[in-house]
Amino acid sequence: MSSGSENNMSPEHLPNEQDAEGTVAVPGADHPFADPGLPAHQPRKQDIDEKAAKRSERVVAFLFLLSMLATVGFIASFVAFPVDDIRYVWPLGHVSILHVMLGVTMGIALFCIGAGAVHWARTLMSDVEIADERHPIAADEETRSKVFADFQQGAAESGFGRRKLLRNTMFGALALVPLTGVVLLRDLGPLPEDKLRHTLWGKGKRLINMNTNEPFKPEDIETGSLSFAMPEGLEYEDHDFNTEIAKAALMLVRIAPDEIKDQQSADFGVDGVLAYSKICTHVGCPVSLYEQQTHHVLCPCHQSTFDLSDGARVIFGPAGHPLPQLRIDVDDEGYLTALGDFEQPVGPSFWERG
Amino acid sequence: MKKLSARRRHPLAALVVLLIALAATGGLYATFAPADKAQAQGESTSQQDKIETGKKLFTVGCASCHGTGGQGTTDGPQLVGVGAAAVDFQVGSGRMPLQQPGAQAPRKPRVYSDDEIEALAAYVASLGPGPAVPESAAYAPSGGDVARGGDLFRTNCAQCHNFTGKGGALTDGKFAPPLDGVAPKHIYEAMQTGPQNMPAFPDKSLSSQDKQDIIAFLDEVNGDEAPSEGGFDLGGLGPVAEGLFGWIFGLGALVVVAVWVAAHTAKAKKS
């Protein structure tokens with residue numbers, strides 16, 4: 001009942017007779033299935049109909065012309081529109097007309113070159129199928145033996161095998177010369193020395209509110225609030241402000257004393273006001289996504305989670321150490337001050353951290 | 001009728017019937033629903049009356065979780081000392097009354113009218129001293145310094161709410177909600193009172209002017225008139241989201257075009 005094409009032996013389903021070169025055609029002992037060869041070449045409309053070819057030519061030329069116009073439009077937009085010219089464009093909303101025009105014209109300019117090239121290649125360039133037979137990669141026997149003999153002769157004439165002193169000293173020179181590059185790497189910058197272990201915090205430094213630039217008093221920090229502090233003496237205008245705040249950034253929370261689970265952590269604070277480093281101990285992201293009911297701090301980079309009520313213990317994620325806590329106290333004038341630097345290095349682990 | 005009957009098997013017939021039914025139900029409800037009885041009782045309502053009204057509303061709507069005197073139960077926190085601002089934020093943004101327990105109370109259409117919220121706030125404020133509902137002069141975006149607000153936002157808020165206030169995820173299903181479309185008053189109250197897991201930013205660490213600057217910044221970047229410079233901000237989530245979009249949809253579109261080009265033969269005789 002099934003008379004599908006696989007059973008249809010009519011001539012049009014049999015392999016084509018092969019062309020003049022007559023490589024393969026008939027099934028035999030070596031090739032039980034006949035090589036069907038390439039299907040006959042089919043012309044395109046543009047190959048038969050000169051009008052169609054002309055039309056294709058016009059389309060391609062039109063695309064290239066459109067690209068040119070778009071490029072001119074790009075330059076004109078750049079000159080004509082100021083960057084702060086905000087207009088309403090449906091459906092984008094309020095946009096900078098300059099940005100949108102630059103994007104649209106450049107998009108058209110590039111797309112039309114591509115579309116024109118593809119259309120040209122598909123409709124006008126020759127599309128006659130060409131079979132390019134593979135040949136063996138290896139050279140023929142004669143060439144190979146000639147190359148081998150030449151190499152042997154060269155090796156013998158150079159004395160490479162005989163003069164071992166020359167050979168070994170040359171190897172030594174070649175092996176040493178890359179060291180020049182390695183030594184230059186040392187000039188990339190000074191070694192960090194002990195900078196990774198110290199921050200600007202030190203004994204007697206007051207905790208300065210990063211919002212108001214005023215020193216904190218313990219009563220400024222309410223239960224459930226979150227504040228950020230920097231060490232006294234650091235100014236936003238300092239040339240090394242970013243370097244220093246990257247290590248010294250501090251977050252201040254107040255946790256009810258009966259909720260603090262870690263005694264040492266409570267001792268490091270003042271009446272439940274705890275000061276923790278804001279720098280994640282995994283790779284140093286600023287970690288201050290503080291949940292005031294759970295006292296968890298989440299790092300936005302890799303979801304390390306620290307429990308500030310338990311000495312900033314790591315309760316989730318890849319961080320390897322708790323957040324270092326700064327020992328704080330109240331000075332004679334009632335301001336919060338540091339009792340010293342952090343006891344552990346802040347931020348990510350490093351080779352010599354121990 | 002015959003015409004109608006002939007079309008009853010049309011693929012869109014079910015949809016049309018559904019739309020007619022919905023419209024009829026809605027219309028009937030609008031006609032017969034009890035009119036809003038909460039007509040303002042005039043300026044004469046004294047503070048004491050408000051507290052009395054608030055107490056009645058509280059007993060009905062809030063006491064089952066927060067206790068009859070706002071002392072809190074195992075289902076809800078104590079409300080003594082949270083102040084009128086906390087009530088105005090929680091009830092005014094629809095977070096309270098809670099619809100169902102969960103990681104976090106989401107913003108939703110509010111249940112109480114302005115007057116009822118005022119009464120509830122007056123009652124809760126009478127339980128213990130706390131922050132009052134701010135005056136509109138304190139939070140109007142026009143009174144803030146946008147640039148300084150941006151600085152303050154990035155220092156204090158952006159870690160959770162994203163640098164233009166688009167919100168972000170926290171632990172265990174909690175999240176920092178997006179801030180676009182939030183009333184300036186509610187933003188102010190949230191900073192002051194620290195709702196749910198958000199830490200509070202009391203006036204001593206973030207002054208009233210600082211809060212107004214932050215509101216001005218959010219209004220500038222998220223307001224109705226706020227421009228999206230390039231026209232396609234992809235949620236304003238930043239370069240990672242934009243890159244991902246470019247790779248998946250930009251390159252994807254190019255792949256689709258390439259497949260389309262290759263799938264269409266240029267031959268005169270289509271096989």
# chains A, B, ... in the order shown; residues from 1 in each chain; ligands from 1

$ residues_around --residues "Pro227 in chain B" --least-positions-apart "3" --cutoff "8 Å" --atoms "only C-alpha atoms" --output "number ranges by chain"
A: 86, 93-96; B: 221

$ closest_atom_pairs --of "range 185-220 of chain B" --to "range 84-102 of chain B" --cutoff "9 Å" --atoms "only C-alpha atoms" --output "CSV"
residue,atom,partner,partner_atom,distance
B:Lys185,CA,B:Phe89,CA,8.1
B:His186,CA,B:Phe89,CA,5.4
B:Ile187,CA,B:Phe89,CA,8.4
B:Tyr188,CA,B:Ala85,CA,9.0
B:Glu189,CA,B:Ala85,CA,5.6
B:Ala190,CA,B:Phe89,CA,6.7
B:Gln192,CA,B:Ala85,CA,7.9
B:Thr193,CA,B:Ala86,CA,5.8
B:Gly194,CA,B:Ala86,CA,8.2
B:Pro195,CA,B:Ala86,CA,7.2

$ write_last_selection --atoms "N, CA and C atoms" --output "short mmCIF file (atom, residue, chain, number, x, y, z; two decimals), in the first residue's frame"
data_model
loop_
_atom_site.label_atom_id
_atom_site.label_comp_id
_atom_site.auth_asym_id
_atom_site.auth_seq_id
_atom_site.Cartn_x
_atom_site.Cartn_y
_atom_site.Cartn_z
N LYS B 185 5.00 61.48 50.02
CA LYS B 185 4.73 61.39 51.46
C LYS B 185 5.09 60.01 51.99
N HIS B 186 4.73 58.98 51.22
CA HIS B 186 5.02 57.61 51.68
C HIS B 186 6.51 57.34 51.69
N ILE B 187 7.25 57.89 50.71
CA ILE B 187 8.70 57.70 50.72
C ILE B 187 9.29 58.33 51.98
N TYR B 188 8.81 59.54 52.28
CA TYR B 188 9.30 60.24 53.48
C TYR B 188 9.01 59.41 54.73
N GLU B 189 7.77 58.93 54.83
CA GLU B 189 7.38 58.18 56.03
C GLU B 189 8.15 56.87 56.14
N ALA B 190 8.43 56.24 55.00
CA ALA B 190 9.17 54.98 55.04
C ALA B 190 10.58 55.22 55.57
N GLN B 192 11.49 57.56 57.51
CA GLN B 192 11.44 57.94 58.91
C GLN B 192 11.12 56.77 59.83
N THR B 193 10.25 55.87 59.40
CA THR B 193 9.77 54.85 60.33
C THR B 193 10.37 53.47 60.09
N GLY B 194 10.95 53.22 58.92
CA GLY B 194 11.53 51.91 58.68
C GLY B 194 10.53 50.79 58.68
N PRO B 195 9.63 50.75 57.70
CA PRO B 195 8.60 49.70 57.69
C PRO B 195 9.19 48.32 57.45
#

$ interface_residues --of "chain A" --to "chain B" --cutoff "7 Å" --atoms "only C-alpha atoms" --output "JSON, numbers by chain"
{"A": [42, 43, 44, 45, 86, 92, 93, 94, 95, 96, 99, 100, 122, 123, 209, 211, 220, 224, 225, 226, 227, 288, 289, 290, 291, 292, 293]}

$ write_last_selection --atoms "C-alpha atoms" --output "mmCIF file, in the first residue's frame"
data_model
loop_
_atom_site.group_PDB
_atom_site.id
_atom_site.type_symbol
_atom_site.label_atom_id
_atom_site.label_comp_id
_atom_site.auth_asym_id
_atom_site.auth_seq_id
_atom_site.Cartn_x
_atom_site.Cartn_y
_atom_site.Cartn_z
ATOM 1 C CA GLN A 42 18.586 25.591 -11.557
ATOM 2 C CA PRO A 43 18.708 29.143 -12.833
ATOM 3 C CA ARG A 44 17.292 32.042 -10.906
ATOM 4 C CA LYS A 45 14.731 34.429 -12.260
ATOM 5 C CA ILE A 86 14.130 65.998 25.447
ATOM 6 C CA LEU A 92 9.414 55.468 23.477
ATOM 7 C CA GLY A 93 8.257 58.246 25.795
ATOM 8 C CA HIS A 94 10.404 61.228 26.726
ATOM 9 C CA VAL A 95 13.721 60.706 25.012
ATOM 10 C CA SER A 96 16.820 62.638 24.119
ATOM 11 C CA HIS A 99 20.426 59.752 21.144
ATOM 12 C CA VAL A 100 17.461 58.279 19.332
ATOM 13 C CA ARG A 122 21.774 36.007 -3.696
ATOM 14 C CA THR A 123 20.230 37.422 -6.854
ATOM 15 C CA ASN A 209 28.068 60.587 59.791
ATOM 16 C CA ASN A 211 25.268 62.154 55.401
ATOM 17 C CA ASP A 220 21.607 59.331 67.206
ATOM 18 C CA GLY A 224 16.160 49.479 63.617
ATOM 19 C CA SER A 225 18.043 52.279 61.895
ATOM 20 C CA LEU A 226 21.046 52.035 59.585
ATOM 21 C CA SER A 227 23.761 54.686 59.361
ATOM 22 C CA SER A 288 24.728 46.950 53.448
ATOM 23 C CA LEU A 289 21.392 45.383 52.495
ATOM 24 C CA TYR A 290 20.340 45.385 56.130
ATOM 25 C CA GLU A 291 17.076 43.790 57.228
ATOM 26 C CA GLN A 292 16.217 45.463 60.500
ATOM 27 C CA GLN A 293 13.905 42.726 61.802
#

$ atom_distance --atom1 "CA of Arg327 in chain A" --atom2 "CA of Thr212 in chain A"
22.4 Å

$ residues_around --residues "Phe64 in chain A" --least-positions-apart "5" --cutoff "10 Å" --atoms "only C-alpha atoms" --output "NGL selection string"
:A and (58-59 or 69-70 or 109-117)

$ residues_around --residues "Glu244 in chain A" --least-positions-apart "3" --cutoff "9 Å" --atoms "only C-alpha atoms" --output "NGL selection string"
:A and (199-200 or 234 or 240-241 or 247-249)

$ write_last_selection --atoms "N, CA and C atoms" --output "compact mmCIF listing (two decimals), in the first residue's frame"
# COMPACT_ATOMS: atom_id res chain seq x y z
N THR A 199 43.42 50.15 58.24
CA THR A 199 42.53 51.15 57.67
C THR A 199 42.81 52.46 58.39
N LEU A 200 42.07 53.47 58.04
CA LEU A 200 42.27 54.78 58.68
C LEU A 200 41.81 54.80 60.12
N LEU A 234 38.95 62.24 57.57
CA LEU A 234 38.85 61.93 56.14
C LEU A 234 37.85 62.90 55.51
N ASP A 240 42.98 60.84 48.22
CA ASP A 240 42.89 59.38 48.41
C ASP A 240 41.59 58.99 49.11
N PHE A 241 40.56 59.86 49.00
CA PHE A 241 39.30 59.56 49.69
C PHE A 241 38.75 58.19 49.30
N LYS A 247 38.27 50.96 52.34
CA LYS A 247 38.63 50.05 53.43
C LYS A 247 37.93 50.43 54.73
N ALA A 248 37.70 51.74 54.93
CA ALA A 248 37.25 52.20 56.24
C ALA A 248 35.73 52.27 56.37
N ALA A 249 34.99 52.07 55.26
CA ALA A 249 33.53 52.26 55.31
C ALA A 249 32.92 51.42 56.43

$ atom_distance --atom1 "CA of His198 in chain A" --atom2 "CA of Gln264 in chain A"
21.2 Å

$ select_by_dssp --residues "range 6-162 of chain A" --states "strand (DSSP E or B)" --output "JSON, numbers by chain"
{"A": [44, 86, 87, 88, 89, 93, 94, 95, 96]}

$ residues_around --residues "Lys203 in chain A" --least-positions-apart "5" --cutoff "8 Å" --atoms "only C-alpha atoms" --output "number ranges by chain"
A: 337-341

$ select_by_dssp --residues "range 138-197 of chain B" --states "alpha helix (DSSP H)" --output "NGL selection string"
:B and (138-139 or 146-156 or 158-161 or 184-193)

$ atom_distance --atom1 "CA of His282 in chain A" --atom2 "CA of Gly311 in chain A"
16.5 Å
